[in-house]
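Since the structure comes first, as structure tokens, the remarks are kept for the end.
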Amino acid sequence: MNPLSTQHNFQSLSLKDLLEARDLYHWHLSNKANVVGTAVGLYLIRTDEPWPDQHADTKGHDARNGKAKGIRTFDNAEVRPYSWPAVIVLVRDWIDAVEFGHGKVDPDHMVPRTLYMPDGRAVPVCVVAVDGLWAAFGEDTAKLMGAGARFLAAMWEAAYAVADTSLPAGAREIGEQALAHVYQDKTFVPSLTIDKIGPVIG
């Protein structure tokens, strides 16, 4: 990747890219006053935001006016087919970008839109407000996030332990195409919200 390029293909980012970016920036992000946690996943798009083919008006002009889009939460946002990989940053309170600086909120505490890696990779950031959870459960919210991360890590470690991770004779790495069939089956253990996962897990 050319570190001087201004063009970023976020769709090409892998889970490994996201985890490396999160590990590199976690403490930097966590030290911002409003941040309560970080994660990785697909970019969450507000449910009231138009789809790409709905942005143009009758004259073919982009109908978006650049105004602040408002709070993004797990309740009012969703993963869409075109959502791109991102580092998820969880904040206690939603603060629009226009509120930083000008004597309002210290701009040093603004969460960056993009995380830049030493080798030139650029990883987008999706900010999600969890103020409702925090207000209701306080520090237990962070404890639950931590427990969830540890449980997920245990699941991955268990899967890795029973999987055939041996490489072909003489090979030092597994090619992308050879590995693709493992994770491209979107019908296998789909990611669903709590209100929809019941029928899947029985």
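Scheme for the structure tokens: letters A, B, ... for chains in order shown; per-chain residue numbers from 1; ligand numbers from 1 in order shown.
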
Contacts of Pro107 in chain A at 12 Å (only C-alpha atoms; same-chain gap of 2+ positions) as JSON, numbers by chain: {"A": [32, 33, 34, 95, 96, 97, 98, 99, 100, 101, 102, 103, 104, 105, 109, 110, 111, 112]}

Would you output that residue set with N, CA and C atoms, as a tab-separated table (two decimals), in the first residue's frame?
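The result, written out as result02.tsv:
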chain	number	residue	atom	x	y	z
A	32	LYS	N	-9.51	9.31	25.90
A	32	LYS	CA	-10.39	10.43	25.59
A	32	LYS	C	-11.56	10.40	26.57
A	33	ALA	N	-11.94	11.56	27.05
A	33	ALA	CA	-12.85	11.66	28.20
A	33	ALA	C	-14.16	10.91	28.03
A	34	ASN	N	-14.66	10.81	26.82
A	34	ASN	CA	-16.01	10.29	26.60
A	34	ASN	C	-16.03	8.82	26.17
A	95	ILE	N	-21.56	13.52	20.99
A	95	ILE	CA	-21.19	14.92	20.80
A	95	ILE	C	-20.94	15.13	19.31
A	96	ASP	N	-21.70	16.01	18.67
A	96	ASP	CA	-21.50	16.28	17.25
A	96	ASP	C	-20.17	17.00	17.04
A	97	ALA	N	-19.60	16.79	15.87
A	97	ALA	CA	-18.28	17.35	15.57
A	97	ALA	C	-18.25	18.87	15.72
A	98	VAL	N	-19.37	19.53	15.42
A	98	VAL	CA	-19.40	21.00	15.47
A	98	VAL	C	-19.28	21.53	16.90
A	99	GLU	N	-19.47	20.66	17.89
A	99	GLU	CA	-19.41	21.09	19.28
A	99	GLU	C	-17.99	21.11	19.83
A	100	PHE	N	-17.05	20.52	19.10
A	100	PHE	CA	-15.67	20.52	19.56
A	100	PHE	C	-15.01	21.85	19.21
A	101	GLY	N	-14.22	22.36	20.15
A	101	GLY	CA	-13.57	23.64	19.95
A	101	GLY	C	-14.51	24.80	20.22
A	102	HIS	N	-14.09	25.99	19.90
A	102	HIS	CA	-14.90	27.20	20.09
A	102	HIS	C	-15.35	27.34	21.55
A	103	GLY	N	-14.53	26.86	22.48
A	103	GLY	CA	-14.85	27.01	23.90
A	103	GLY	C	-15.89	26.05	24.43
A	104	LYS	N	-16.32	25.09	23.60
A	104	LYS	CA	-17.35	24.14	24.05
A	104	LYS	C	-16.72	22.87	24.61
A	105	VAL	N	-16.24	22.00	23.74
A	105	VAL	CA	-15.63	20.74	24.15
A	105	VAL	C	-14.19	20.72	23.66
A	109	HIS	N	-10.26	15.73	22.69
A	109	HIS	CA	-11.04	14.55	23.04
A	109	HIS	C	-11.95	14.07	21.91
A	110	MET	N	-11.79	14.65	20.73
A	110	MET	CA	-12.58	14.21	19.59
A	110	MET	C	-12.03	12.89	19.05
A	111	VAL	N	-12.92	11.94	18.79
A	111	VAL	CA	-12.51	10.64	18.25
A	111	VAL	C	-12.22	10.81	16.76
A	112	PRO	N	-11.05	10.37	16.30
A	112	PRO	CA	-10.72	10.54	14.87
A	112	PRO	C	-11.60	9.68	13.98

8 Å contact set for Thr47 in chain A, only C-alpha atoms, chain neighbours under 2 positions out, as a PyMOL selection string: chain A and resi 45+49+76-78

Å distance separating CA of Pro124 in chain A from CA of Lys196 in chain A, one decimal place: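 Distance reported for this atom pair: 27.4 Å.
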
Who sits within 9 Å of Leu90 in chain A, only C-alpha atoms, same chain under 3 positions skipped, as a CSV table (one decimal) with N, CA and C atoms, in the first residue's frame:
chain,number,residue,atom,x,y,z
A,34,ASN,N,-14.7,10.8,26.8
A,34,ASN,CA,-16.0,10.3,26.6
A,34,ASN,C,-16.0,8.8,26.2
A,35,VAL,N,-14.9,8.2,25.9
A,35,VAL,CA,-14.8,6.9,25.4
A,35,VAL,C,-14.8,5.9,26.5
A,36,VAL,N,-15.7,4.8,26.3
A,36,VAL,CA,-15.8,3.8,27.4
A,36,VAL,C,-15.4,2.4,26.9
A,37,GLY,N,-15.1,2.3,25.6
A,37,GLY,CA,-14.6,1.0,25.1
A,37,GLY,C,-14.4,1.0,23.6
A,38,THR,N,-13.7,0.0,23.1
A,38,THR,CA,-13.5,-0.2,21.6
A,38,THR,C,-13.8,-1.6,21.2
A,39,ALA,N,-14.1,-1.8,20.0
A,39,ALA,CA,-14.4,-3.1,19.4
A,39,ALA,C,-14.1,-3.1,17.9
A,126,CYS,N,-16.0,3.9,13.6
A,126,CYS,CA,-17.5,4.1,13.7
A,126,CYS,C,-17.8,4.4,15.2
A,127,VAL,N,-18.3,5.6,15.5
A,127,VAL,CA,-18.6,6.0,16.9
A,127,VAL,C,-20.0,5.6,17.2
A,128,VAL,N,-20.2,4.9,18.3
A,128,VAL,CA,-21.5,4.5,18.8
A,128,VAL,C,-21.8,4.9,20.2
A,129,ALA,N,-22.9,5.6,20.5
A,129,ALA,CA,-23.2,6.1,21.8
A,129,ALA,C,-23.9,5.0,22.6
A,130,VAL,N,-23.4,4.7,23.8
A,130,VAL,CA,-24.0,3.7,24.7
A,130,VAL,C,-24.5,4.4,26.0

Coordinates-based distance that separates CA of Gly41 in chain A from CA of Ser12 in chain A (Å, one decimal):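 Atom-to-atom, CA of Ser12 in chain A and CA of Gly41 in chain A are spaced 13.4 Å apart.
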